[in-house]
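Asker: Following this line is data.csv, made up of CSV, C-alpha atoms and all ligand atoms:
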```csv
chain,number,residue,atom,x,y,z
A,1,MET,CA,96.8,57.5,26.7
A,2,THR,CA,100.5,58.2,26.8
A,3,ARG,CA,102.8,55.7,25.1
A,4,PRO,CA,104.5,54.3,28.3
A,5,ARG,CA,101.1,53.9,29.9
A,6,ALA,CA,99.7,52.1,26.9
A,7,LEU,CA,102.7,49.7,26.9
A,8,VAL,CA,102.1,48.9,30.6
A,9,ALA,CA,98.4,48.4,30.0
A,10,GLY,CA,99.0,46.2,27.0
A,11,ALA,CA,101.6,44.1,28.9
A,12,ALA,CA,99.3,43.7,31.9
A,13,ASP,CA,96.4,42.7,29.7
A,14,ARG,CA,98.4,40.1,27.9
A,15,LEU,CA,99.8,38.6,31.1
A,16,ALA,CA,96.3,38.4,32.7
A,17,GLU,CA,94.9,36.8,29.5
A,18,ALA,CA,97.6,34.2,29.3
A,19,ALA,CA,97.1,33.2,32.9
A,20,VAL,CA,93.3,33.0,32.5
A,21,PHE,CA,92.3,33.4,36.1
A,22,PRO,CA,93.2,37.1,36.6
A,23,SER,CA,91.6,37.9,33.2
A,24,PHE,CA,88.2,36.1,33.8
A,25,SER,CA,87.9,37.2,37.5
A,26,ARG,CA,87.1,40.6,38.9
A,27,ILE,CA,90.8,41.4,39.0
A,28,GLY,CA,90.9,41.6,35.2
A,29,ILE,CA,88.2,44.1,34.7
A,30,ALA,CA,89.4,46.3,37.6
A,31,MET,CA,92.9,46.3,36.3
A,32,ARG,CA,91.9,47.0,32.7
A,33,ARG,CA,89.5,49.8,33.6
A,34,ARG,CA,92.2,51.6,35.6
A,35,LEU,CA,95.2,51.0,33.3
A,36,GLU,CA,93.3,51.6,30.1
A,37,GLY,CA,91.4,54.6,31.5
A,38,TRP,CA,87.9,53.5,30.3
A,39,GLY,CA,85.7,56.5,29.8
A,40,ALA,CA,82.0,57.0,30.1
A,41,LEU,CA,79.9,55.5,27.3
A,42,PRO,CA,78.1,57.7,24.7
A,43,PRO,CA,74.4,58.3,25.1
A,44,MET,CA,71.9,55.9,23.5
A,45,ASP,CA,69.0,58.3,23.2
A,46,GLY,CA,66.7,57.4,20.4
A,47,ARG,CA,68.2,54.0,20.0
A,48,THR,CA,66.1,50.8,20.4
A,49,VAL,CA,67.7,47.6,21.8
A,50,LEU,CA,66.5,44.1,22.6
A,51,VAL,CA,68.0,42.0,25.3
A,52,THR,CA,67.1,38.3,25.8
A,53,GLY,CA,67.5,36.9,29.3
A,54,ALA,CA,66.9,40.3,30.7
A,55,THR,CA,65.2,39.2,33.9
A,56,SER,CA,68.4,38.2,35.7
A,57,GLY,CA,72.2,38.5,36.0
A,58,ILE,CA,74.1,39.9,33.1
A,59,GLY,CA,71.1,40.5,30.9
A,60,LEU,CA,69.3,42.5,33.5
A,61,ALA,CA,72.5,44.5,34.2
A,62,ALA,CA,73.0,45.2,30.5
A,63,ALA,CA,69.3,46.2,30.0
A,64,THR,CA,69.5,48.6,33.0
A,65,ALA,CA,72.8,50.1,31.8
A,66,MET,CA,71.5,50.8,28.3
A,67,ALA,CA,68.3,52.2,29.7
A,68,GLY,CA,70.5,54.5,31.8
A,69,LEU,CA,72.2,55.7,28.6
A,70,GLY,CA,68.8,56.6,27.2
A,71,ALA,CA,67.9,53.6,25.1
A,72,ASP,CA,64.4,52.1,24.7
A,73,VAL,CA,64.8,48.5,25.8
A,74,HIS,CA,62.8,45.4,24.7
A,75,LEU,CA,63.3,43.0,27.6
A,76,VAL,CA,62.8,39.3,27.0
A,77,GLY,CA,62.2,36.9,29.9
A,78,ARG,CA,60.1,33.8,30.5
A,79,ASP,CA,58.8,34.3,34.0
A,80,PRO,CA,56.0,36.9,34.4
A,81,ALA,CA,56.9,37.9,38.0
A,82,ARG,CA,60.7,38.2,37.3
A,83,GLY,CA,59.8,40.0,34.1
A,84,ALA,CA,57.6,42.6,35.9
A,85,ALA,CA,60.4,43.2,38.5
A,86,ALA,CA,63.0,43.6,35.7
A,87,LEU,CA,60.7,46.0,33.8
A,88,SER,CA,60.3,48.3,36.8
A,89,ARG,CA,64.0,48.3,37.5
A,90,VAL,CA,64.8,49.2,33.8
A,91,GLN,CA,62.0,51.8,33.8
A,92,ALA,CA,63.5,53.5,36.8
A,93,ALA,CA,67.0,53.6,35.2
A,94,GLY,CA,66.3,56.0,32.3
A,95,PRO,CA,63.9,58.2,30.3
A,96,GLY,CA,63.2,55.6,27.6
A,97,THR,CA,60.2,53.3,27.2
A,98,PRO,CA,61.0,49.7,28.1
A,99,ARG,CA,58.7,46.9,27.0
A,100,LEU,CA,58.6,43.3,28.4
A,101,HIS,CA,58.1,40.2,26.2
A,102,LEU,CA,57.6,36.7,27.6
A,103,ALA,CA,59.1,33.8,25.6
A,104,ASP,CA,60.7,30.5,26.4
A,105,LEU,CA,63.4,30.6,23.8
A,106,SER,CA,64.0,26.8,24.0
A,107,GLU,CA,60.6,26.2,22.4
A,108,PRO,CA,60.6,26.1,18.5
A,109,SER,CA,58.1,28.8,17.7
A,110,ALA,CA,58.9,31.2,20.5
A,111,ALA,CA,61.6,33.2,18.7
A,112,ALA,CA,59.5,33.9,15.6
A,113,ALA,CA,56.5,34.9,17.7
A,114,LEU,CA,58.8,37.2,19.8
A,115,ALA,CA,60.2,38.8,16.6
A,116,ALA,CA,56.7,39.5,15.3
A,117,GLU,CA,55.7,41.1,18.6
A,118,VAL,CA,58.8,43.4,18.5
A,119,ALA,CA,58.3,44.3,14.9
A,120,ALA,CA,54.7,45.3,15.7
A,121,GLU,CA,56.0,47.8,18.3
A,122,SER,CA,59.3,49.1,16.8
A,123,ASP,CA,60.3,49.9,13.2
A,124,ARG,CA,64.0,49.7,13.8
A,125,LEU,CA,66.5,47.9,16.1
A,126,ASP,CA,69.9,49.4,16.9
A,127,ALA,CA,71.2,46.5,19.1
A,128,LEU,CA,70.1,42.9,19.4
A,129,VAL,CA,71.7,41.2,22.4
A,130,HIS,CA,71.5,37.4,22.5
A,131,ASN,CA,72.1,36.8,26.2
A,132,ALA,CA,69.5,34.2,27.3
A,133,GLY,CA,71.2,31.0,28.4
A,134,ALA,CA,71.7,28.4,31.0
A,135,LEU,CA,73.9,25.4,31.9
A,136,THR,CA,71.7,22.5,32.7
A,137,ARG,CA,73.1,19.2,34.1
A,138,THR,CA,70.4,16.9,33.0
A,139,TYR,CA,69.2,16.2,29.4
A,140,GLU,CA,66.0,18.0,28.5
A,141,ALA,CA,64.3,18.2,25.1
A,142,ASN,CA,61.7,20.8,23.9
A,143,SER,CA,58.3,20.0,22.6
A,144,GLU,CA,59.8,19.0,19.2
A,145,GLY,CA,62.5,16.8,20.7
A,146,THR,CA,65.4,19.2,20.3
A,147,GLU,CA,67.8,19.3,23.2
A,148,ARG,CA,67.1,22.6,25.1
A,149,THR,CA,70.7,23.9,25.3
A,150,VAL,CA,71.2,24.0,21.6
A,151,ALA,CA,67.6,25.2,21.0
A,152,THR,CA,68.1,28.2,23.4
A,153,HIS,CA,71.7,29.2,22.5
A,154,VAL,CA,71.8,28.4,18.8
A,155,LEU,CA,68.4,27.9,17.1
A,156,ALA,CA,66.6,30.7,18.9
A,157,PRO,CA,69.3,33.4,18.1
A,158,HIS,CA,69.3,32.2,14.5
A,159,VAL,CA,65.5,32.7,14.1
A,160,LEU,CA,65.5,35.9,16.1
A,161,THR,CA,68.3,37.4,14.0
A,162,ALA,CA,66.8,36.3,10.7
A,163,ARG,CA,63.4,37.7,11.6
A,164,LEU,CA,64.7,41.0,13.1
A,165,ALA,CA,67.2,41.5,10.2
A,166,PRO,CA,64.9,44.1,8.4
A,167,LEU,CA,64.7,46.2,11.6
A,168,LEU,CA,68.5,46.1,12.0
A,169,CYS,CA,69.1,46.9,8.4
A,170,ARG,CA,66.7,49.8,8.6
A,171,ALA,CA,68.8,51.2,11.4
A,172,GLY,CA,71.9,50.5,9.3
A,173,ALA,CA,70.4,52.6,6.4
A,174,ASP,CA,71.0,55.7,8.5
A,175,GLY,CA,74.4,55.9,6.9
A,176,PRO,CA,77.9,56.6,8.1
A,177,GLY,CA,77.1,59.6,10.3
A,178,ALA,CA,75.0,57.4,12.7
A,179,ALA,CA,76.1,54.7,15.1
A,180,PRO,CA,75.8,51.4,13.3
A,181,PRO,CA,73.4,48.7,14.5
A,182,THR,CA,75.0,45.8,16.4
A,183,ILE,CA,74.3,42.2,17.2
A,184,VAL,CA,76.0,41.1,20.4
A,185,THR,CA,76.1,37.4,21.3
A,186,VAL,CA,77.0,36.5,24.9
A,187,SER,CA,79.1,33.4,24.6
A,188,SER,CA,81.4,32.0,27.4
A,189,GLY,CA,85.0,31.4,28.1
A,190,GLY,CA,83.9,27.8,28.5
A,191,MET,CA,83.8,27.6,24.7
A,192,TYR,CA,87.6,27.6,24.6
A,193,THR,CA,87.4,23.9,25.7
A,194,GLN,CA,85.5,22.8,22.6
A,195,ARG,CA,86.2,22.9,18.9
A,196,PHE,CA,83.3,23.4,16.5
A,197,ASP,CA,81.9,20.1,15.3
A,198,LEU,CA,78.5,20.2,13.8
A,199,ASP,CA,78.0,16.5,14.2
A,200,GLN,CA,78.4,16.8,18.0
A,201,LEU,CA,76.6,20.1,18.5
A,202,GLU,CA,73.3,18.5,19.6
A,203,SER,CA,73.8,16.0,22.4
A,204,GLY,CA,71.5,13.1,22.9
A,205,PRO,CA,70.2,11.7,26.2
A,206,GLN,CA,72.7,8.9,26.3
A,207,GLY,CA,75.7,9.9,28.6
A,208,TYR,CA,74.5,13.5,28.5
A,209,ASP,CA,77.2,15.9,29.8
A,210,GLY,CA,75.6,19.4,30.4
A,211,VAL,CA,79.0,21.2,30.7
A,212,LYS,CA,80.1,19.8,27.3
A,213,ALA,CA,76.7,20.6,25.7
A,214,TYR,CA,76.9,24.1,27.0
A,215,ALA,CA,80.5,24.7,25.8
A,216,ARG,CA,79.7,23.3,22.4
A,217,ALA,CA,76.7,25.6,22.1
A,218,LYS,CA,78.8,28.5,23.2
A,219,ARG,CA,81.4,27.7,20.6
A,220,ALA,CA,78.7,27.5,18.0
A,221,GLN,CA,77.5,31.0,19.0
A,222,VAL,CA,81.0,32.4,18.2
A,223,VAL,CA,80.8,30.7,14.7
A,224,LEU,CA,77.3,32.1,14.2
A,225,ALA,CA,78.2,35.6,15.2
A,226,ALA,CA,81.1,35.6,12.7
A,227,ALA,CA,78.8,34.3,10.0
A,228,TRP,CA,76.3,37.1,10.7
A,229,ALA,CA,79.1,39.6,10.6
A,230,GLU,CA,79.9,38.5,7.0
A,231,ARG,CA,76.3,38.5,5.9
A,232,PHE,CA,75.3,41.8,7.4
A,233,ALA,CA,78.4,43.8,6.7
A,234,PRO,CA,77.0,45.2,3.4
A,235,ALA,CA,74.0,46.5,5.3
A,236,GLY,CA,76.2,48.3,7.8
A,237,VAL,CA,75.3,45.9,10.7
A,238,ALA,CA,78.1,44.7,13.0
A,239,SER,CA,78.0,41.3,14.8
A,240,TYR,CA,80.2,40.5,17.8
A,241,ALA,CA,80.5,37.6,20.2
A,242,MET,CA,81.9,38.2,23.7
A,243,HIS,CA,82.5,36.4,27.0
A,244,PRO,CA,81.8,38.1,30.3
A,245,GLY,CA,84.3,36.3,32.5
A,246,TRP,CA,83.2,34.6,35.7
A,247,VAL,CA,80.1,36.4,37.0
A,248,ASP,CA,78.2,35.9,40.2
A,249,THR,CA,74.7,35.4,38.9
A,250,PRO,CA,71.7,33.0,39.7
A,251,GLY,CA,72.7,31.2,36.5
A,252,LEU,CA,76.3,30.5,37.8
A,253,ALA,CA,74.9,29.5,41.2
A,254,SER,CA,72.6,26.9,39.6
A,255,GLY,CA,74.9,25.7,36.8
A,256,LEU,CA,78.3,25.6,38.6
A,257,PRO,CA,77.5,25.7,42.4
A,258,ARG,CA,80.8,24.3,43.6
A,259,PHE,CA,82.8,26.6,41.3
A,260,ARG,CA,80.8,29.6,42.7
A,261,ALA,CA,81.3,28.6,46.3
A,262,LEU,CA,85.1,28.3,45.8
A,263,TRP,CA,85.7,31.5,43.9
A,264,ARG,CA,82.9,33.7,45.1
A,265,PRO,CA,85.0,36.6,46.4
A,266,LEU,CA,86.7,36.9,43.1
A,267,LEU,CA,83.7,36.7,40.8
A,268,ARG,CA,82.5,39.7,38.9
A,269,SER,CA,79.3,41.5,39.6
A,270,PRO,CA,76.6,41.3,37.0
A,271,GLU,CA,77.3,44.9,36.0
A,272,GLU,CA,81.0,44.0,35.4
A,273,GLY,CA,79.9,41.0,33.4
A,274,ALA,CA,77.6,43.2,31.3
A,275,ASP,CA,80.2,46.0,30.7
A,276,THR,CA,81.5,44.7,27.3
A,277,VAL,CA,78.0,44.0,26.1
A,278,VAL,CA,77.0,47.6,26.8
A,279,TRP,CA,80.2,48.9,25.3
A,280,LEU,CA,79.8,46.9,22.1
A,281,ALA,CA,76.2,48.2,21.7
A,282,ALA,CA,76.8,51.8,22.7
A,283,GLU,CA,80.3,52.5,21.3
A,284,GLY,CA,82.1,49.4,20.1
A,285,PRO,CA,85.6,49.0,18.6
A,286,THR,CA,86.8,51.4,16.0
A,287,ALA,CA,88.7,50.3,12.9
A,288,GLY,CA,91.2,52.7,11.5
A,289,GLU,CA,91.2,56.4,11.4
A,290,ARG,CA,88.1,58.5,11.8
A,291,PRO,CA,87.2,60.3,8.6
A,292,PRO,CA,86.6,64.0,9.2
A,293,GLY,CA,83.0,64.6,10.4
A,294,ALA,CA,82.0,61.0,10.4
A,295,HIS,CA,81.3,58.6,13.1
A,296,PRO,CA,84.4,56.4,13.7
A,297,PRO,CA,84.0,53.4,11.4
A,298,LYS,CA,83.4,50.3,13.5
A,299,ALA,CA,85.2,47.0,13.2
A,300,GLN,CA,82.3,44.8,12.1
A,301,SER,CA,83.1,41.6,13.8
A,302,GLY,CA,85.3,39.8,16.4
A,303,PHE,CA,85.3,38.0,19.8
A,304,PHE,CA,85.6,40.3,22.8
A,305,HIS,CA,86.4,40.3,26.5
A,306,ASP,CA,86.8,43.5,28.6
A,307,ARG,CA,86.5,45.9,25.7
A,308,SER,CA,89.3,44.2,23.6
A,309,ALA,CA,89.3,41.7,20.8
A,310,ARG,CA,90.5,38.3,21.8
A,311,PHE,CA,91.6,35.1,20.0
A,312,ASP,CA,88.6,32.8,19.8
A,313,ARG,CA,90.8,29.7,20.2
A,314,ARG,CA,93.4,29.0,22.8
A,315,PHE,CA,94.4,25.7,21.2
A,316,PRO,CA,94.6,26.3,17.4
A,317,ILE,CA,96.1,22.9,16.7
A,318,SER,CA,93.5,20.7,18.5
A,319,HIS,CA,90.7,23.2,17.8
A,320,PRO,CA,91.2,24.2,14.2
A,321,SER,CA,88.7,26.4,12.5
A,322,ASP,CA,87.4,25.8,8.9
A,323,PRO,CA,86.3,28.7,6.8
A,324,GLY,CA,83.2,26.7,5.9
A,325,ASP,CA,82.0,26.4,9.5
A,326,GLY,CA,79.7,29.5,9.3
A,327,ASP,CA,77.9,28.4,6.2
A,328,ALA,CA,77.5,24.9,7.5
A,329,LEU,CA,76.1,26.1,10.8
A,330,LEU,CA,73.7,28.5,9.1
A,331,ALA,CA,72.5,25.7,6.8
A,332,TRP,CA,72.0,23.4,9.8
A,333,CYS,CA,70.0,26.1,11.6
A,334,ALA,CA,67.9,26.7,8.6
A,335,SER,CA,67.2,23.0,8.2
A,336,ARG,CA,66.2,22.6,11.8
A,337,THR,CA,64.0,25.7,12.0
A,338,GLY,CA,62.8,26.3,8.5
A,339,VAL,CA,64.1,29.8,8.7
A,340,SER,CA,67.0,30.9,6.5
A,401,LIG,N1,77.6,34.0,34.9
A,401,LIG,C1,78.7,33.6,34.3
A,401,LIG,O1,79.8,33.5,34.9
A,401,LIG,C2,78.7,33.5,32.8
A,401,LIG,C3,79.9,33.1,32.2
A,401,LIG,C4,80.0,33.0,30.8
A,401,LIG,C5,78.8,33.1,30.1
A,401,LIG,N2,77.6,33.5,30.7
A,401,LIG,C6,76.4,33.6,29.9
A,401,LIG,O2,75.8,34.8,30.2
A,401,LIG,C7,74.4,34.7,29.8
A,401,LIG,C8,73.6,35.2,31.0
A,401,LIG,O3,73.8,34.3,32.1
A,401,LIG,P1,73.7,34.8,33.6
A,401,LIG,O4,75.0,34.2,34.3
A,401,LIG,O5,73.4,36.2,33.7
A,401,LIG,O6,72.6,33.8,34.1
A,401,LIG,P2,71.1,34.1,34.8
A,401,LIG,O7,71.3,35.1,35.9
A,401,LIG,O8,70.5,32.8,35.0
A,401,LIG,O9,70.4,34.8,33.6
A,401,LIG,C9,70.0,34.1,32.4
A,401,LIG,C10,68.8,34.7,31.8
A,401,LIG,O10,68.5,33.9,30.6
A,401,LIG,C11,67.1,33.6,30.7
A,401,LIG,N3,66.9,32.3,30.1
A,401,LIG,C12,67.5,31.1,30.3
A,401,LIG,N4,66.9,30.2,29.5
A,401,LIG,C13,65.9,30.7,28.8
A,401,LIG,C14,65.0,30.3,27.9
A,401,LIG,N5,64.9,29.0,27.5
A,401,LIG,N6,64.1,31.2,27.4
A,401,LIG,C15,64.1,32.5,27.8
A,401,LIG,N7,65.0,33.0,28.6
A,401,LIG,C16,65.9,32.1,29.2
A,401,LIG,C17,66.8,33.5,32.2
A,401,LIG,O11,65.4,33.6,32.4
A,401,LIG,P3,64.8,33.1,33.9
A,401,LIG,O12,65.0,34.3,34.8
A,401,LIG,O13,63.4,32.8,33.6
A,401,LIG,O14,65.7,32.0,34.3
A,401,LIG,C18,67.6,34.7,32.7
A,401,LIG,O15,66.9,35.9,32.4
A,401,LIG,C19,74.2,33.3,29.5
A,401,LIG,O16,74.1,33.1,28.1
A,401,LIG,C20,75.4,32.6,30.1
A,401,LIG,O17,75.6,31.4,29.4
A,401,LIG,C21,77.6,33.6,32.0
```
Can the structure in the file be given as structure tokens, please?
Answerer:
Amino acid sequence: MTRPRALVAGAADRLAEAAVFPSFSRIGIAMRRRLEGWGALPPMDGRTVLVTGATSGIGLAAATAMAGLGADVHLVGRDPARGAAALSRVQAAGPGTPRLHLADLSEPSAAAALAAEVAAESDRLDALVHNAGALTRTYEANSEGTERTVATHVLAPHVLTARLAPLLCRAGADGPGAAPPTIVTVSSGGMYTQRFDLDQLESGPQGYDGVKAYARAKRAQVVLAAAWAERFAPAGVASYAMHPGWVDTPGLASGLPRFRALWRPLLRSPEEGADTVVWLAAEGPTAGERPPGAHPPKAQSGFFHDRSARFDRRFPISHPSDPGDGDALLAWCASRTGVS
């Protein structure tokens, strides 16, 4: 990119981000794609990826796109009919071998059972995409009494990551010439409204507010992704969180129906919402100069939107972060799941 063009692209990006609406809507991605000259993503032949929530919306679009790049995709859904439909769509997208797993990730033993199933079929994992999620308006608890939003968005990714770590690390052992394995966590711009507070992470039935519970879980996902980045860096595994913007999916239609009705013409398509997920898994951000003959070293962590790193807090004074948050959250997850 020429210097004047880069200056224009940077200024437009910062303006859109500051005003929120242009950034999160389809305007943001169209503008950035054009001004930043986004290129085609590299092939993912021979790479194995897992996508949770792959039966619908952003997850299905991400799984389809990665299959189109040549990856073997493990799709995770919870409904057999939607799973079968997603599997045939992903199968038709590329030459790889997709596999379907059924798991309700809000249930306590589901993530561990899923990880065991995946480990029996694959000996390495190049990308693990934590995408499954939902905004539910009424309080629901799983069979162990844990509120389902926190169980699905925080506890299941914790267990899945811990149990699949050997497969990710095996892919990381390929060395600097290979594309490093990556964990991608699909958070939400809604997390900007909440600070991380472990004591308030799990809501109770009294005065339950589904929007708040969702935003707190999404904030916790950002903390978790950063904690994984620190833990996995020595093994060459990167961990990112991202937010997809406002995307027209069945999840948005059921979670925020009035918002969807109001802004529908400006919402992103699932493919646009999935773009940064696929970019992080297939290519990702580079850090520093490329050493001769080596794959560009990746930045190992960060919070992303539209292929760029973003601040993870819009209100640093009211939403301070504590360097101990990651350790505290990992310890809490371990105590709730028995998996460390
Ligand atoms: N759409 C947006 O504007 C937006 C904005 C910010 C963040 N996000 C995030 O993006 C992710 C994908 O959402 P989406 O908008 O694509 O919604 P979606 O179309 O409803 O897709 C959500 C996927 O997650 C699965 N899922 C939900 N709860 C699950 C559970 N307990 N166990 C297993 N799978 C479960 C769903 O399975 P079923 O098919 O069985 O329901 C579906 O495959 C979510 O994490 C969401 O929070 C979305």
Asker: What's the separation between atom CA of A:Leu114 and atom CA of A:Gly273, in Å to one decimal place?
Answerer: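 Distance reported for this atom pair: 25.4 Å.
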Asker: Rank A:Ala63, A:Leu102, A:Asp45, A:Ser254 by their smallest atom-to-atom distance to A:Ala86, using only C-alpha atoms, and report the top residue only.
Answerer: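 Closest to A:Ala86 of all the choices is A:Ala63.
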Asker: Could you check which of A:Pro157, A:Gly284, A:Gly57, A:Gly324 is closest to ligand LIG 401 (chain A), using all atoms listed in the file?
Answerer: A:Gly57
Asker: List every residue of chain A that has an atom at most 6 Å from any atom of ligand LIG 401 (chain A), giving for each one its closest atom pair and the distance in Å to one decimal, counting all atoms listed in the file, sorted by chain and then by ascending residue number, as a Markdown table.
Answerer:
```
| residue | atom | partner | partner_atom | distance |
| --- | --- | --- | --- | --- |
| A:Gly53 | CA | A:LIG401 | O15 | 3.3 |
| A:Ala54 | CA | A:LIG401 | O15 | 4.7 |
| A:Thr55 | CA | A:LIG401 | O15 | 4.0 |
| A:Ser56 | CA | A:LIG401 | O7 | 4.2 |
| A:Gly57 | CA | A:LIG401 | O5 | 3.5 |
| A:Ile58 | CA | A:LIG401 | O5 | 3.8 |
| A:Gly59 | CA | A:LIG401 | O5 | 5.6 |
| A:Gly77 | CA | A:LIG401 | N7 | 5.0 |
| A:Arg78 | CA | A:LIG401 | O13 | 4.6 |
| A:Asp79 | CA | A:LIG401 | O13 | 4.9 |
| A:Ala103 | CA | A:LIG401 | C15 | 5.6 |
| A:Asp104 | CA | A:LIG401 | N6 | 3.6 |
| A:Leu105 | CA | A:LIG401 | N6 | 3.7 |
| A:Ser106 | CA | A:LIG401 | N5 | 4.2 |
| A:Asn131 | CA | A:LIG401 | O16 | 4.6 |
| A:Ala132 | CA | A:LIG401 | O10 | 3.5 |
| A:Gly133 | CA | A:LIG401 | O16 | 3.6 |
| A:Ala134 | CA | A:LIG401 | C12 | 5.0 |
| A:Thr152 | CA | A:LIG401 | N5 | 5.3 |
| A:Val186 | CA | A:LIG401 | O16 | 5.5 |
| A:Ser187 | CA | A:LIG401 | C5 | 5.5 |
| A:Ser188 | CA | A:LIG401 | C4 | 3.8 |
| A:Gly189 | CA | A:LIG401 | C4 | 5.9 |
| A:His243 | CA | A:LIG401 | C4 | 5.7 |
| A:Pro244 | CA | A:LIG401 | C4 | 5.4 |
| A:Gly245 | CA | A:LIG401 | C3 | 5.4 |
| A:Trp246 | CA | A:LIG401 | O1 | 3.7 |
| A:Val247 | CA | A:LIG401 | O1 | 3.6 |
| A:Asp248 | CA | A:LIG401 | N1 | 5.7 |
| A:Thr249 | CA | A:LIG401 | O7 | 4.5 |
| A:Pro250 | CA | A:LIG401 | O7 | 4.4 |
| A:Gly251 | CA | A:LIG401 | O8 | 3.1 |
| A:Leu252 | CA | A:LIG401 | N1 | 4.7 |
```
Asker: Would you work out the distance separating atom CA of A:Met66 from atom CA of A:Glu283, expressed in Å to one decimal?
Answerer: 11.4 Å
Asker: When you draw a straight line from atom CA of A:Leu224 to atom CA of A:Ser23, how long is it in Å?
Answerer: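 Distance reported for this atom pair: 24.5 Å.
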Asker: Given all atoms listed in the file as the basis, pick out the residue of A:Thr48, A:Thr136, A:Thr276, A:Ser335 nearest to A:Arg307.
Answerer: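 Closest to A:Arg307, using all atoms listed in the file: A:Thr276.
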Asker: With distances taken over all atoms listed in the file, which residue among A:Thr146, A:Thr97, A:Ser318, A:Thr185 lies nearest A:Ala220?
Answerer: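 That would be A:Thr185, the residue with the smallest distance to A:Ala220.
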Asker: Tell me which protein, DNA and RNA residues are within 10 Å of A:Trp228, counting only C-alpha atoms, leaving out same-chain ones fewer than 6 positions away, and put them as JSON, numbers by chain.
Answerer: {"A": [158, 161, 162, 183, 237, 238, 239, 240, 300, 301, 326, 327, 330]}
Asker: Which residue out of A:Ala233, A:Ala165, A:Val154, A:Ala281 has the minimum interatomic distance to A:Ala217 when only C-alpha atoms are used?
Answerer: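 Among A:Ala233, A:Ala165, A:Val154, A:Ala281, it is A:Val154 that comes nearest to A:Ala217.
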Asker: In terms of the shortest atom-to-atom distance over all atoms listed in the file, which of A:Gly145, A:Leu266, A:Pro4, A:Asp306 is closest to A:Phe21?
Answerer: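 Of A:Gly145, A:Leu266, A:Pro4, A:Asp306, the one nearest A:Phe21, counting all atoms listed in the file, is A:Leu266.
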